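J.: Supplied in structure tokens, the structure appears directly below.
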Amino acid sequence: MVYTTTDIEKVINQDKWCVKCKLNELLRMDCNMYVNLGIDSSQKDKEEVIKASRKIYLAIKSLNRNMGTLFLQAIDKN
């Protein structure tokens with residue numbers, strides 16, 4: 001499952017969650033996408049996951065600038 005911008009916004013807009021909880025949920029979403037990729041996944045599937053991952057990392061950057069920047073730098077190297 002590839003998460004959409006709407007899914008990411010739902011996490012960011014949770015008023016009752018602390019920043020750490022939001023970060024944990026965003027990282028869980030990111031991890032879940034990569035875990036569901038398999039050897040039978042097409043190149044298009046992999047590219048969609050990377051695009052969604054970038055959106056998640058941008059959301060993380062809005063909560064924690066340093067962490068988000070590091071994740072974005074890491075994804076750009078690949």
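FYI, nothing fancy with the structure tokens labels: chains A, B, ... in order, residues from 1 per chain, ligands from 1 as they appear.
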Could you pull out all residues of chain A with a DSSP call of alpha helix (DSSP H) and give them as a VMD selection string?
T.: chain A and resid 5 to 12 19 to 35 43 to 63 65 to 77
J.: So that I can check the surroundings of Glu48 (chain A), please list as an MDAnalysis selection string every protein, DNA and RNA residue that reaches within 8 Å of it, counting only C-alpha atoms and ignoring chain neighbours fewer than 4 positions away.
T.: chainID A and resid 2 44 52
J.: May I have the residues within 12 Å of Val35 (chain A) as an MDAnalysis selection string, using only C-alpha atoms and disregarding those fewer than 4 positions away in the same chain?
T.: chainID A and resid 1:2 28:31 39 41 46 49
J.: For a quick check of understanding, using only C-alpha atoms, which of A:Met67, A:Gly38, A:Leu72, A:Ile12 has the smallest distance to Arg54 (chain A)?
T.: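 The shortest atom-to-atom distance to Arg54 (chain A) comes from A:Leu72.
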J.: Just checking: using only C-alpha atoms, which residue out of A:Ser53, A:Ser62, A:Asn32, A:Gln14 ends up closest to Ala74 (chain A)?
T.: A:Ser53
J.: When you count only C-alpha atoms, which of these residues is closest to Asp45 (chain A): A:Met33, A:Leu70, A:Val11, A:Val19?
T.: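 Among the listed residues, the smallest separation from Asp45 (chain A) belongs to A:Met33.
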J.: Out of A:Lys20, A:Lys51, A:Ser42, A:Asp76, which residue has the shortest atom-to-atom distance to Leu63 (chain A) when counting only C-alpha atoms?
T.: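 With only C-alpha atoms as the atom set, the closest residue is A:Lys20.
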J.: Tell me which of A:Cys21, A:Leu37, A:Ile56, A:Ile50 sits closest to Ile75 (chain A), counting only C-alpha atoms.
T.: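 When distances to Ile75 (chain A) are compared using only C-alpha atoms, the smallest one comes from A:Ile50.
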J.: Quick one: pull the distance between CA of Lys77 (chain A) and CA of Glu25 (chain A), Å, one decimal.
T.: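 Here the two named atoms are 24.2 Å from each other.
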J.: Within 12 Å of Glu9 (chain A), counting only C-alpha atoms, which residues qualify if same-chain residues fewer than 6 places away don't, as a PDB file with C-alpha atoms, in the first residue's frame?
T.:
ATOM      1  CA  TYR A   3       0.261   6.154   1.385  1.00  0.00           C
ATOM      2  CA  ASP A  15      -4.062  17.693  17.582  1.00  0.00           C
ATOM      3  CA  LYS A  22       3.511  11.816  14.816  1.00  0.00           C
ATOM      4  CA  GLU A  25       3.502   7.027  12.842  1.00  0.00           C
ATOM      5  CA  LEU A  26       5.085   8.605   9.760  1.00  0.00           C
ATOM      6  CA  LYS A  55       6.404  13.158   0.863  1.00  0.00           C
ATOM      7  CA  ILE A  56       6.639  11.457   4.244  1.00  0.00           C
ATOM      8  CA  LEU A  58       8.998  16.315   3.899  1.00  0.00           C
ATOM      9  CA  ALA A  59       6.278  15.941   6.538  1.00  0.00           C
ATOM     10  CA  ILE A  60       8.902  14.726   9.005  1.00  0.00           C
ATOM     11  CA  SER A  62       8.063  20.009   9.098  1.00  0.00           C
TER      12      SER A  62
END
J.: Between CA of Tyr57 (chain A) and CA of Gln73 (chain A), what is the spacing in Å?
T.: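 Spanning CA of Gln73 (chain A) to CA of Tyr57 (chain A) is a straight-line distance of 9.9 Å.
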